[in-house]
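J.: structure01.cif is reproduced in full below (mmCIF, N, CA and C atoms).
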```
data_model
#
loop_
_atom_site.label_atom_id
_atom_site.label_comp_id
_atom_site.auth_asym_id
_atom_site.auth_seq_id
_atom_site.Cartn_x
_atom_site.Cartn_y
_atom_site.Cartn_z
N GLN A 1027 -0.69 -20.85 -22.03
CA GLN A 1027 -2.05 -20.35 -21.95
C GLN A 1027 -2.80 -21.05 -20.81
N VAL A 1028 -3.50 -20.25 -20.05
CA VAL A 1028 -4.27 -20.77 -18.92
C VAL A 1028 -5.75 -20.74 -19.28
N GLN A 1029 -6.42 -21.84 -19.02
CA GLN A 1029 -7.88 -21.86 -19.18
C GLN A 1029 -8.51 -21.76 -17.80
N LEU A 1030 -9.48 -20.89 -17.68
CA LEU A 1030 -10.14 -20.64 -16.40
C LEU A 1030 -11.62 -20.93 -16.51
N VAL A 1031 -12.15 -21.61 -15.51
CA VAL A 1031 -13.58 -21.92 -15.48
C VAL A 1031 -14.13 -21.55 -14.11
N GLU A 1032 -15.09 -20.64 -14.09
CA GLU A 1032 -15.73 -20.22 -12.85
C GLU A 1032 -16.97 -21.06 -12.59
N SER A 1033 -17.29 -21.22 -11.32
CA SER A 1033 -18.51 -21.93 -10.94
C SER A 1033 -18.96 -21.43 -9.58
N GLY A 1034 -20.18 -21.77 -9.23
CA GLY A 1034 -20.69 -21.44 -7.90
C GLY A 1034 -21.69 -20.30 -7.85
N GLY A 1035 -21.93 -19.67 -8.98
CA GLY A 1035 -22.90 -18.59 -8.99
C GLY A 1035 -24.32 -19.09 -8.80
N GLY A 1036 -25.23 -18.16 -8.61
CA GLY A 1036 -26.62 -18.55 -8.45
C GLY A 1036 -27.47 -17.39 -8.00
N LEU A 1037 -28.72 -17.71 -7.66
CA LEU A 1037 -29.68 -16.73 -7.17
C LEU A 1037 -29.81 -16.89 -5.66
N VAL A 1038 -29.54 -15.83 -4.93
CA VAL A 1038 -29.62 -15.86 -3.48
C VAL A 1038 -30.37 -14.63 -2.99
N GLN A 1039 -30.64 -14.60 -1.69
CA GLN A 1039 -31.32 -13.46 -1.10
C GLN A 1039 -30.33 -12.56 -0.37
N THR A 1040 -30.74 -11.36 -0.13
CA THR A 1040 -29.91 -10.42 0.62
C THR A 1040 -29.49 -11.03 1.95
N GLY A 1041 -28.18 -10.91 2.24
CA GLY A 1041 -27.64 -11.45 3.47
C GLY A 1041 -27.10 -12.86 3.36
N ASP A 1042 -27.37 -13.52 2.27
CA ASP A 1042 -26.88 -14.88 2.06
C ASP A 1042 -25.40 -14.89 1.70
N SER A 1043 -24.86 -16.09 1.60
CA SER A 1043 -23.46 -16.28 1.23
C SER A 1043 -23.36 -17.16 0.00
N LEU A 1044 -22.27 -16.97 -0.73
CA LEU A 1044 -21.97 -17.81 -1.87
C LEU A 1044 -20.47 -18.02 -1.92
N ARG A 1045 -20.08 -19.13 -2.51
CA ARG A 1045 -18.66 -19.40 -2.71
C ARG A 1045 -18.44 -19.65 -4.18
N LEU A 1046 -17.64 -18.80 -4.78
CA LEU A 1046 -17.29 -18.95 -6.19
C LEU A 1046 -15.94 -19.62 -6.31
N SER A 1047 -15.84 -20.51 -7.28
CA SER A 1047 -14.57 -21.20 -7.52
C SER A 1047 -14.07 -20.90 -8.93
N CYS A 1048 -12.77 -20.84 -9.05
CA CYS A 1048 -12.11 -20.64 -10.34
C CYS A 1048 -11.11 -21.78 -10.49
N ALA A 1049 -11.35 -22.62 -11.47
CA ALA A 1049 -10.46 -23.76 -11.72
C ALA A 1049 -9.60 -23.46 -12.93
N ALA A 1050 -8.30 -23.63 -12.76
CA ALA A 1050 -7.35 -23.34 -13.84
C ALA A 1050 -6.78 -24.61 -14.42
N SER A 1051 -6.58 -24.60 -15.69
CA SER A 1051 -5.95 -25.73 -16.36
C SER A 1051 -5.08 -25.21 -17.49
N GLY A 1052 -4.26 -26.06 -18.04
CA GLY A 1052 -3.37 -25.66 -19.11
C GLY A 1052 -1.92 -25.90 -18.73
N ARG A 1053 -1.04 -25.50 -19.62
CA ARG A 1053 0.39 -25.79 -19.43
C ARG A 1053 1.06 -24.84 -18.45
N THR A 1054 0.45 -23.70 -18.21
CA THR A 1054 1.08 -22.71 -17.35
C THR A 1054 0.87 -23.06 -15.89
N ASP A 1055 1.91 -22.92 -15.12
CA ASP A 1055 1.83 -23.15 -13.69
C ASP A 1055 1.09 -21.99 -13.04
N ILE A 1056 -0.06 -22.27 -12.45
CA ILE A 1056 -0.87 -21.21 -11.87
C ILE A 1056 -0.17 -20.52 -10.72
N SER A 1057 0.77 -21.18 -10.07
CA SER A 1057 1.46 -20.57 -8.94
C SER A 1057 2.33 -19.40 -9.36
N SER A 1058 2.52 -19.23 -10.67
CA SER A 1058 3.30 -18.10 -11.17
C SER A 1058 2.41 -16.90 -11.48
N LYS A 1059 1.12 -17.04 -11.25
CA LYS A 1059 0.17 -16.00 -11.62
C LYS A 1059 -0.49 -15.36 -10.40
N HIS A 1060 -0.63 -14.06 -10.47
CA HIS A 1060 -1.53 -13.38 -9.54
C HIS A 1060 -2.94 -13.56 -10.11
N ILE A 1061 -3.93 -13.65 -9.23
CA ILE A 1061 -5.28 -13.93 -9.70
C ILE A 1061 -6.27 -12.96 -9.06
N ALA A 1062 -7.23 -12.54 -9.85
CA ALA A 1062 -8.23 -11.61 -9.35
C ALA A 1062 -9.62 -12.05 -9.78
N TRP A 1063 -10.59 -11.58 -9.03
CA TRP A 1063 -11.99 -11.69 -9.41
C TRP A 1063 -12.47 -10.29 -9.81
N PHE A 1064 -13.17 -10.25 -10.91
CA PHE A 1064 -13.82 -9.04 -11.38
C PHE A 1064 -15.32 -9.32 -11.49
N ARG A 1065 -16.08 -8.28 -11.61
CA ARG A 1065 -17.52 -8.45 -11.86
C ARG A 1065 -18.00 -7.37 -12.80
N GLN A 1066 -19.07 -7.70 -13.49
CA GLN A 1066 -19.66 -6.74 -14.41
C GLN A 1066 -21.17 -6.85 -14.36
N ALA A 1067 -21.78 -5.75 -13.97
CA ALA A 1067 -23.24 -5.66 -13.93
C ALA A 1067 -23.73 -5.10 -15.26
N PRO A 1068 -24.99 -5.36 -15.62
CA PRO A 1068 -25.52 -4.86 -16.88
C PRO A 1068 -25.37 -3.34 -17.00
N GLY A 1069 -24.81 -2.91 -18.12
CA GLY A 1069 -24.67 -1.49 -18.36
C GLY A 1069 -23.52 -0.82 -17.63
N LYS A 1070 -22.72 -1.62 -16.92
CA LYS A 1070 -21.61 -1.04 -16.16
C LYS A 1070 -20.28 -1.62 -16.63
N GLU A 1071 -19.22 -0.93 -16.29
CA GLU A 1071 -17.89 -1.42 -16.64
C GLU A 1071 -17.48 -2.57 -15.72
N ARG A 1072 -16.58 -3.39 -16.22
CA ARG A 1072 -16.06 -4.46 -15.38
C ARG A 1072 -15.21 -3.84 -14.26
N GLU A 1073 -15.42 -4.32 -13.04
CA GLU A 1073 -14.70 -3.77 -11.91
C GLU A 1073 -14.03 -4.88 -11.11
N ALA A 1074 -12.89 -4.51 -10.52
CA ALA A 1074 -12.16 -5.46 -9.69
C ALA A 1074 -12.86 -5.65 -8.36
N VAL A 1075 -12.86 -6.88 -7.89
CA VAL A 1075 -13.51 -7.21 -6.62
C VAL A 1075 -12.47 -7.60 -5.58
N SER A 1076 -11.72 -8.64 -5.87
CA SER A 1076 -10.72 -9.14 -4.94
C SER A 1076 -9.57 -9.76 -5.72
N ALA A 1077 -8.41 -9.82 -5.08
CA ALA A 1077 -7.26 -10.41 -5.75
C ALA A 1077 -6.34 -11.05 -4.73
N VAL A 1078 -5.55 -11.99 -5.23
CA VAL A 1078 -4.59 -12.69 -4.37
C VAL A 1078 -3.28 -12.83 -5.13
N SER A 1079 -2.20 -12.60 -4.41
CA SER A 1079 -0.88 -12.70 -5.04
C SER A 1079 -0.55 -14.14 -5.35
N ARG A 1080 0.50 -14.34 -6.13
CA ARG A 1080 0.82 -15.69 -6.60
C ARG A 1080 1.10 -16.64 -5.44
N THR A 1081 1.64 -16.12 -4.35
CA THR A 1081 1.96 -16.99 -3.21
C THR A 1081 0.75 -17.20 -2.29
N GLY A 1082 -0.25 -16.34 -2.45
CA GLY A 1082 -1.39 -16.40 -1.55
C GLY A 1082 -1.21 -15.60 -0.27
N LEU A 1083 -0.06 -14.98 -0.11
CA LEU A 1083 0.23 -14.28 1.14
C LEU A 1083 -0.43 -12.92 1.20
N SER A 1084 -0.71 -12.33 0.05
CA SER A 1084 -1.30 -10.99 0.02
C SER A 1084 -2.64 -11.02 -0.70
N THR A 1085 -3.62 -10.38 -0.08
CA THR A 1085 -4.94 -10.28 -0.70
C THR A 1085 -5.41 -8.83 -0.71
N TYR A 1086 -6.26 -8.52 -1.66
CA TYR A 1086 -6.74 -7.16 -1.84
C TYR A 1086 -8.23 -7.20 -2.16
N HIS A 1087 -8.92 -6.18 -1.71
CA HIS A 1087 -10.36 -6.13 -1.93
C HIS A 1087 -10.80 -4.72 -2.27
N ALA A 1088 -11.79 -4.62 -3.11
CA ALA A 1088 -12.40 -3.33 -3.37
C ALA A 1088 -13.12 -2.86 -2.11
N ASP A 1089 -13.21 -1.56 -1.95
CA ASP A 1089 -13.85 -1.01 -0.76
C ASP A 1089 -15.28 -1.52 -0.60
N SER A 1090 -15.96 -1.74 -1.70
CA SER A 1090 -17.36 -2.15 -1.67
C SER A 1090 -17.57 -3.54 -1.09
N VAL A 1091 -16.51 -4.34 -1.02
CA VAL A 1091 -16.67 -5.71 -0.53
C VAL A 1091 -15.81 -6.01 0.69
N LYS A 1092 -15.02 -5.04 1.13
CA LYS A 1092 -14.17 -5.26 2.30
C LYS A 1092 -15.01 -5.65 3.51
N GLY A 1093 -14.54 -6.66 4.22
CA GLY A 1093 -15.26 -7.14 5.38
C GLY A 1093 -16.33 -8.15 5.06
N ARG A 1094 -16.66 -8.30 3.78
CA ARG A 1094 -17.70 -9.26 3.39
C ARG A 1094 -17.15 -10.39 2.53
N PHE A 1095 -16.17 -10.08 1.69
CA PHE A 1095 -15.60 -11.07 0.78
C PHE A 1095 -14.19 -11.43 1.22
N THR A 1096 -13.83 -12.69 1.03
CA THR A 1096 -12.45 -13.13 1.21
C THR A 1096 -12.05 -13.95 -0.01
N ILE A 1097 -10.76 -13.97 -0.26
CA ILE A 1097 -10.24 -14.71 -1.41
C ILE A 1097 -9.11 -15.62 -0.94
N SER A 1098 -9.06 -16.79 -1.51
CA SER A 1098 -8.00 -17.72 -1.15
C SER A 1098 -7.64 -18.54 -2.39
N ARG A 1099 -6.48 -19.17 -2.33
CA ARG A 1099 -6.06 -19.99 -3.46
C ARG A 1099 -5.39 -21.25 -2.96
N ASP A 1100 -5.47 -22.28 -3.78
CA ASP A 1100 -4.81 -23.55 -3.50
C ASP A 1100 -4.02 -23.89 -4.76
N ASN A 1101 -2.75 -23.57 -4.74
CA ASN A 1101 -1.94 -23.77 -5.94
C ASN A 1101 -1.78 -25.25 -6.28
N ALA A 1102 -1.82 -26.09 -5.28
CA ALA A 1102 -1.70 -27.53 -5.54
C ALA A 1102 -2.91 -28.05 -6.32
N LYS A 1103 -4.06 -27.42 -6.10
CA LYS A 1103 -5.28 -27.84 -6.78
C LYS A 1103 -5.64 -26.91 -7.94
N ASN A 1104 -4.82 -25.90 -8.16
CA ASN A 1104 -5.07 -24.94 -9.24
C ASN A 1104 -6.45 -24.29 -9.12
N THR A 1105 -6.81 -23.91 -7.93
CA THR A 1105 -8.11 -23.27 -7.72
C THR A 1105 -7.98 -21.99 -6.91
N VAL A 1106 -8.89 -21.09 -7.16
CA VAL A 1106 -9.02 -19.86 -6.39
C VAL A 1106 -10.49 -19.75 -5.99
N THR A 1107 -10.70 -19.37 -4.74
CA THR A 1107 -12.06 -19.31 -4.22
C THR A 1107 -12.37 -17.91 -3.72
N LEU A 1108 -13.56 -17.45 -4.05
CA LEU A 1108 -14.06 -16.18 -3.55
C LEU A 1108 -15.23 -16.48 -2.62
N HIS A 1109 -15.05 -16.18 -1.35
CA HIS A 1109 -16.10 -16.38 -0.37
C HIS A 1109 -16.85 -15.06 -0.20
N MET A 1110 -18.14 -15.08 -0.49
CA MET A 1110 -18.93 -13.87 -0.44
C MET A 1110 -19.99 -13.99 0.65
N ASN A 1111 -19.94 -13.11 1.62
CA ASN A 1111 -20.89 -13.11 2.72
C ASN A 1111 -21.69 -11.82 2.71
N SER A 1112 -22.80 -11.85 3.41
CA SER A 1112 -23.66 -10.66 3.55
C SER A 1112 -23.93 -10.02 2.19
N LEU A 1113 -24.36 -10.82 1.27
CA LEU A 1113 -24.56 -10.33 -0.08
C LEU A 1113 -25.67 -9.30 -0.16
N LYS A 1114 -25.47 -8.35 -1.06
CA LYS A 1114 -26.40 -7.25 -1.26
C LYS A 1114 -26.88 -7.27 -2.72
N PRO A 1115 -28.02 -6.68 -2.99
CA PRO A 1115 -28.48 -6.61 -4.38
C PRO A 1115 -27.45 -5.98 -5.32
N GLU A 1116 -26.67 -5.03 -4.82
CA GLU A 1116 -25.67 -4.38 -5.66
C GLU A 1116 -24.49 -5.28 -5.99
N ASP A 1117 -24.44 -6.46 -5.39
CA ASP A 1117 -23.41 -7.43 -5.75
C ASP A 1117 -23.82 -8.24 -6.99
N THR A 1118 -25.02 -8.05 -7.45
CA THR A 1118 -25.50 -8.77 -8.64
C THR A 1118 -24.66 -8.41 -9.85
N ALA A 1119 -24.10 -9.44 -10.48
CA ALA A 1119 -23.23 -9.23 -11.63
C ALA A 1119 -22.76 -10.59 -12.16
N VAL A 1120 -22.11 -10.55 -13.29
CA VAL A 1120 -21.36 -11.71 -13.75
C VAL A 1120 -19.95 -11.59 -13.17
N TYR A 1121 -19.49 -12.65 -12.54
CA TYR A 1121 -18.19 -12.64 -11.88
C TYR A 1121 -17.19 -13.44 -12.73
N TYR A 1122 -16.02 -12.84 -12.93
CA TYR A 1122 -14.96 -13.43 -13.73
C TYR A 1122 -13.68 -13.57 -12.91
N CYS A 1123 -12.97 -14.65 -13.14
CA CYS A 1123 -11.62 -14.72 -12.59
C CYS A 1123 -10.63 -14.48 -13.73
N ALA A 1124 -9.47 -13.99 -13.35
CA ALA A 1124 -8.47 -13.63 -14.35
C ALA A 1124 -7.07 -13.80 -13.75
N THR A 1125 -6.12 -14.09 -14.61
CA THR A 1125 -4.74 -14.27 -14.16
C THR A 1125 -3.84 -13.19 -14.72
N SER A 1126 -2.85 -12.83 -13.94
CA SER A 1126 -1.89 -11.81 -14.33
C SER A 1126 -0.49 -12.38 -14.34
N SER A 1127 0.24 -12.05 -15.40
CA SER A 1127 1.63 -12.50 -15.52
C SER A 1127 2.63 -11.43 -15.12
N VAL A 1128 2.15 -10.32 -14.57
CA VAL A 1128 3.06 -9.25 -14.15
C VAL A 1128 4.07 -9.83 -13.18
N SER A 1129 5.34 -9.65 -13.49
CA SER A 1129 6.38 -10.35 -12.73
C SER A 1129 6.70 -9.67 -11.39
N ARG A 1130 6.80 -8.36 -11.40
CA ARG A 1130 7.17 -7.67 -10.18
C ARG A 1130 5.94 -7.45 -9.31
N LEU A 1131 5.99 -7.95 -8.13
CA LEU A 1131 4.85 -7.84 -7.23
C LEU A 1131 4.40 -6.40 -7.00
N PRO A 1132 5.32 -5.48 -6.73
CA PRO A 1132 4.88 -4.09 -6.51
C PRO A 1132 4.14 -3.50 -7.71
N ASP A 1133 4.54 -3.90 -8.90
CA ASP A 1133 3.87 -3.40 -10.11
C ASP A 1133 2.43 -3.91 -10.16
N TRP A 1134 2.25 -5.17 -9.85
CA TRP A 1134 0.90 -5.74 -9.87
C TRP A 1134 0.06 -5.15 -8.75
N VAL A 1135 0.62 -5.02 -7.56
CA VAL A 1135 -0.11 -4.48 -6.43
C VAL A 1135 -0.63 -3.07 -6.74
N ALA A 1136 0.23 -2.29 -7.38
CA ALA A 1136 -0.16 -0.90 -7.67
C ALA A 1136 -1.29 -0.83 -8.69
N ASN A 1137 -1.46 -1.87 -9.47
CA ASN A 1137 -2.43 -1.83 -10.57
C ASN A 1137 -3.38 -3.02 -10.59
N TRP A 1138 -3.59 -3.64 -9.46
CA TRP A 1138 -4.36 -4.90 -9.46
C TRP A 1138 -5.79 -4.71 -9.93
N LYS A 1139 -6.30 -3.52 -9.86
CA LYS A 1139 -7.68 -3.29 -10.26
C LYS A 1139 -7.85 -3.09 -11.78
N ARG A 1140 -6.78 -2.96 -12.49
CA ARG A 1140 -6.85 -2.67 -13.92
C ARG A 1140 -6.99 -3.95 -14.73
N THR A 1141 -8.00 -4.01 -15.58
CA THR A 1141 -8.20 -5.20 -16.41
C THR A 1141 -7.02 -5.43 -17.33
N SER A 1142 -6.30 -4.38 -17.68
CA SER A 1142 -5.16 -4.51 -18.59
C SER A 1142 -4.03 -5.33 -18.00
N GLN A 1143 -4.05 -5.55 -16.68
CA GLN A 1143 -3.01 -6.33 -16.03
C GLN A 1143 -3.21 -7.83 -16.19
N TYR A 1144 -4.34 -8.24 -16.74
CA TYR A 1144 -4.70 -9.64 -16.76
C TYR A 1144 -4.77 -10.17 -18.18
N ASP A 1145 -4.23 -11.35 -18.38
CA ASP A 1145 -4.10 -11.88 -19.73
C ASP A 1145 -4.95 -13.10 -20.03
N SER A 1146 -5.53 -13.71 -19.01
CA SER A 1146 -6.43 -14.83 -19.23
C SER A 1146 -7.69 -14.62 -18.40
N TRP A 1147 -8.83 -14.91 -19.00
CA TRP A 1147 -10.12 -14.69 -18.35
C TRP A 1147 -11.01 -15.92 -18.51
N GLY A 1148 -11.84 -16.15 -17.50
CA GLY A 1148 -12.85 -17.18 -17.62
C GLY A 1148 -14.09 -16.65 -18.31
N GLN A 1149 -15.09 -17.50 -18.42
CA GLN A 1149 -16.31 -17.13 -19.13
C GLN A 1149 -17.33 -16.44 -18.21
N GLY A 1150 -17.10 -16.52 -16.93
CA GLY A 1150 -17.96 -15.84 -15.97
C GLY A 1150 -19.04 -16.72 -15.38
N THR A 1151 -19.50 -16.35 -14.20
CA THR A 1151 -20.61 -17.02 -13.55
C THR A 1151 -21.54 -15.96 -12.98
N GLN A 1152 -22.84 -16.15 -13.15
CA GLN A 1152 -23.82 -15.14 -12.76
C GLN A 1152 -24.14 -15.25 -11.28
N VAL A 1153 -24.11 -14.11 -10.62
CA VAL A 1153 -24.55 -14.01 -9.23
C VAL A 1153 -25.70 -13.01 -9.20
N THR A 1154 -26.82 -13.43 -8.67
CA THR A 1154 -27.99 -12.56 -8.55
C THR A 1154 -28.45 -12.56 -7.11
N VAL A 1155 -28.53 -11.36 -6.54
CA VAL A 1155 -28.95 -11.21 -5.16
C VAL A 1155 -30.28 -10.47 -5.15
N SER A 1156 -31.30 -11.14 -4.66
CA SER A 1156 -32.63 -10.52 -4.63
C SER A 1156 -32.84 -9.79 -3.31
N SER A 1157 -33.63 -8.73 -3.38
CA SER A 1157 -33.86 -7.92 -2.17
C SER A 1157 -35.07 -8.43 -1.39
#
```
Could you show the structure in this file as structure tokens?
T.:
Amino acid sequence: QVQLVESGGGLVQTGDSLRLSCAASGRTDISSKHIAWFRQAPGKEREAVSAVSRTGLSTYHADSVKGRFTISRDNAKNTVTLHMNSLKPEDTAVYYCATSSVSRLPDWVANWKRTSQYDSWGQGTQVTVSS
């Protein structure tokens, strides 16, 4: 079982940047997990934002954040970071990190946006972007 703790959220203005961190702990080796960031705004479904493969070599982003967000991981430190630039009010949400145990990379890549692919979740961190 992996325990995940997100941090770095806050209140910022349009155009600002934030860096969210996801710290993993537990008996499971995080380097065996693909990791994604999701977000959920009030009254909306949880949606995938960005993801990184277990090796860190492949990253994926939702169209809404392409060119603005980047994701990276440090398996030695058991952390994943979401760098968010040019923030917009529509980025306001609670952000969650999650790990996936899907073994075959192509299977995970094809479905990285699906919450069902992920088996461990953090408690979330609030990001609020004011206009």
J.: Quick one: of A:Cys1123, A:Ala1049, A:Leu1108, A:Leu1037, who's nearest to Gln1152 of chain A, counting all atoms listed in the file?
T.: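 Of A:Cys1123, A:Ala1049, A:Leu1108, A:Leu1037, the one nearest Gln1152 of chain A is A:Leu1037, counting all atoms listed in the file.
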J.: A:Tyr1086, A:Tyr1122, A:Phe1064, A:Trp1134: which is nearest Gly1150 of chain A, counting only N, CA and C atoms?
T.: A:Tyr1122
J.: Under the rule that only C-alpha atoms are counted, which of A:Arg1065, A:Lys1103, A:Arg1094, A:His1060 is the nearest residue to Gly1082 of chain A?
T.: A:His1060
J.: Quick one: DSSP helix (DSSP H, G or I) residues in segment 1030-1156 of chain A, as number ranges by chain?
T.: A: 1056-1058, 1115-1117, 1131-1136, 1141-1143
J.: First collect every listed atom of segment 1108-1127 of chain A; then fit an axis-aligned box around them, widen it by 3 Å on each side, and give centre and edge lengths in Å to one decimal, as JSON.
T.:
```
{"center_x": -12.9, "center_y": -10.9, "center_z": -6.0, "size_x": 37.1, "size_y": 19.1, "size_z": 25.1}
```
J.: Using backbone DSSP assignments, extract all strand (DSSP E) residues from chain A; output them as a ChimeraX atom specification.
T.: /A:1028-1033,1036-1039,1044-1052,1060-1066,1073-1078,1085-1087,1095-1100,1105-1110,1119-1126,1146-1147,1151-1156
J.: Excluding Pro1115 of chain A and residues on its chain fewer than 2 positions from it, collect all residues at most 7 Å away from it, counting only N, CA and C atoms, and give them as a list of chain:residue names.
T.: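 Returned residues: A:Gln1039, A:Thr1040, A:Gly1041, A:Leu1113, A:Asp1117, A:Thr1118, A:Thr1154, A:Val1155, A:Ser1156, A:Ser1157.
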J.: Please complete segment 1118-1137 of chain A with N, CA, C and O atoms and give it back as a PDB file, in the coordinates of the input.
T.:
```pdb
ATOM      1  N   THR A1118     -25.020  -8.050  -7.450  1.00  0.00           N
ATOM      2  CA  THR A1118     -25.500  -8.770  -8.640  1.00  0.00           C
ATOM      3  C   THR A1118     -24.660  -8.410  -9.850  1.00  0.00           C
ATOM      4  O   THR A1118     -24.496  -7.234 -10.190  1.00  0.00           O
ATOM      5  N   ALA A1119     -24.100  -9.440 -10.480  1.00  0.00           N
ATOM      6  CA  ALA A1119     -23.230  -9.230 -11.630  1.00  0.00           C
ATOM      7  C   ALA A1119     -22.760 -10.590 -12.160  1.00  0.00           C
ATOM      8  O   ALA A1119     -22.988 -11.618 -11.511  1.00  0.00           O
ATOM      9  N   VAL A1120     -22.110 -10.550 -13.290  1.00  0.00           N
ATOM     10  CA  VAL A1120     -21.360 -11.710 -13.750  1.00  0.00           C
ATOM     11  C   VAL A1120     -19.950 -11.590 -13.170  1.00  0.00           C
ATOM     12  O   VAL A1120     -19.323 -10.538 -13.295  1.00  0.00           O
ATOM     13  N   TYR A1121     -19.490 -12.650 -12.540  1.00  0.00           N
ATOM     14  CA  TYR A1121     -18.190 -12.640 -11.880  1.00  0.00           C
ATOM     15  C   TYR A1121     -17.190 -13.440 -12.730  1.00  0.00           C
ATOM     16  O   TYR A1121     -17.480 -14.556 -13.168  1.00  0.00           O
ATOM     17  N   TYR A1122     -16.020 -12.840 -12.930  1.00  0.00           N
ATOM     18  CA  TYR A1122     -14.960 -13.430 -13.730  1.00  0.00           C
ATOM     19  C   TYR A1122     -13.680 -13.570 -12.910  1.00  0.00           C
ATOM     20  O   TYR A1122     -13.359 -12.693 -12.126  1.00  0.00           O
ATOM     21  N   CYS A1123     -12.970 -14.650 -13.140  1.00  0.00           N
ATOM     22  CA  CYS A1123     -11.620 -14.720 -12.590  1.00  0.00           C
ATOM     23  C   CYS A1123     -10.630 -14.480 -13.730  1.00  0.00           C
ATOM     24  O   CYS A1123     -10.940 -14.728 -14.899  1.00  0.00           O
ATOM     25  N   ALA A1124      -9.470 -13.990 -13.350  1.00  0.00           N
ATOM     26  CA  ALA A1124      -8.470 -13.630 -14.350  1.00  0.00           C
ATOM     27  C   ALA A1124      -7.070 -13.800 -13.750  1.00  0.00           C
ATOM     28  O   ALA A1124      -6.889 -13.639 -12.548  1.00  0.00           O
ATOM     29  N   THR A1125      -6.120 -14.090 -14.610  1.00  0.00           N
ATOM     30  CA  THR A1125      -4.740 -14.270 -14.160  1.00  0.00           C
ATOM     31  C   THR A1125      -3.840 -13.190 -14.720  1.00  0.00           C
ATOM     32  O   THR A1125      -4.051 -12.696 -15.832  1.00  0.00           O
ATOM     33  N   SER A1126      -2.850 -12.830 -13.940  1.00  0.00           N
ATOM     34  CA  SER A1126      -1.890 -11.810 -14.330  1.00  0.00           C
ATOM     35  C   SER A1126      -0.490 -12.380 -14.340  1.00  0.00           C
ATOM     36  O   SER A1126      -0.082 -13.073 -13.395  1.00  0.00           O
ATOM     37  N   SER A1127       0.240 -12.050 -15.400  1.00  0.00           N
ATOM     38  CA  SER A1127       1.630 -12.500 -15.520  1.00  0.00           C
ATOM     39  C   SER A1127       2.630 -11.430 -15.120  1.00  0.00           C
ATOM     40  O   SER A1127       3.836 -11.600 -15.327  1.00  0.00           O
ATOM     41  N   VAL A1128       2.150 -10.320 -14.570  1.00  0.00           N
ATOM     42  CA  VAL A1128       3.060  -9.250 -14.150  1.00  0.00           C
ATOM     43  C   VAL A1128       4.070  -9.830 -13.180  1.00  0.00           C
ATOM     44  O   VAL A1128       3.717 -10.431 -12.174  1.00  0.00           O
ATOM     45  N   SER A1129       5.340  -9.650 -13.490  1.00  0.00           N
ATOM     46  CA  SER A1129       6.380 -10.350 -12.730  1.00  0.00           C
ATOM     47  C   SER A1129       6.700  -9.670 -11.390  1.00  0.00           C
ATOM     48  O   SER A1129       6.873 -10.347 -10.384  1.00  0.00           O
ATOM     49  N   ARG A1130       6.800  -8.360 -11.400  1.00  0.00           N
ATOM     50  CA  ARG A1130       7.170  -7.670 -10.180  1.00  0.00           C
ATOM     51  C   ARG A1130       5.940  -7.450  -9.310  1.00  0.00           C
ATOM     52  O   ARG A1130       5.000  -6.770  -9.717  1.00  0.00           O
ATOM     53  N   LEU A1131       5.990  -7.950  -8.130  1.00  0.00           N
ATOM     54  CA  LEU A1131       4.850  -7.840  -7.230  1.00  0.00           C
ATOM     55  C   LEU A1131       4.400  -6.400  -7.000  1.00  0.00           C
ATOM     56  O   LEU A1131       3.201  -6.105  -7.076  1.00  0.00           O
ATOM     57  N   PRO A1132       5.320  -5.480  -6.730  1.00  0.00           N
ATOM     58  CA  PRO A1132       4.880  -4.090  -6.510  1.00  0.00           C
ATOM     59  C   PRO A1132       4.140  -3.500  -7.710  1.00  0.00           C
ATOM     60  O   PRO A1132       3.211  -2.707  -7.542  1.00  0.00           O
ATOM     61  N   ASP A1133       4.540  -3.900  -8.900  1.00  0.00           N
ATOM     62  CA  ASP A1133       3.870  -3.400 -10.110  1.00  0.00           C
ATOM     63  C   ASP A1133       2.430  -3.910 -10.160  1.00  0.00           C
ATOM     64  O   ASP A1133       1.499  -3.166 -10.494  1.00  0.00           O
ATOM     65  N   TRP A1134       2.250  -5.170  -9.850  1.00  0.00           N
ATOM     66  CA  TRP A1134       0.900  -5.740  -9.870  1.00  0.00           C
ATOM     67  C   TRP A1134       0.060  -5.150  -8.750  1.00  0.00           C
ATOM     68  O   TRP A1134      -1.103  -4.789  -8.963  1.00  0.00           O
ATOM     69  N   VAL A1135       0.620  -5.020  -7.560  1.00  0.00           N
ATOM     70  CA  VAL A1135      -0.110  -4.480  -6.430  1.00  0.00           C
ATOM     71  C   VAL A1135      -0.630  -3.070  -6.740  1.00  0.00           C
ATOM     72  O   VAL A1135      -1.765  -2.728  -6.432  1.00  0.00           O
ATOM     73  N   ALA A1136       0.230  -2.290  -7.380  1.00  0.00           N
ATOM     74  CA  ALA A1136      -0.160  -0.900  -7.670  1.00  0.00           C
ATOM     75  C   ALA A1136      -1.290  -0.830  -8.690  1.00  0.00           C
ATOM     76  O   ALA A1136      -2.001   0.168  -8.756  1.00  0.00           O
ATOM     77  N   ASN A1137      -1.460  -1.870  -9.470  1.00  0.00           N
ATOM     78  CA  ASN A1137      -2.430  -1.830 -10.570  1.00  0.00           C
ATOM     79  C   ASN A1137      -3.380  -3.020 -10.590  1.00  0.00           C
ATOM     80  O   ASN A1137      -3.943  -3.333 -11.647  1.00  0.00           O
TER      81      ASN A1137
END
```
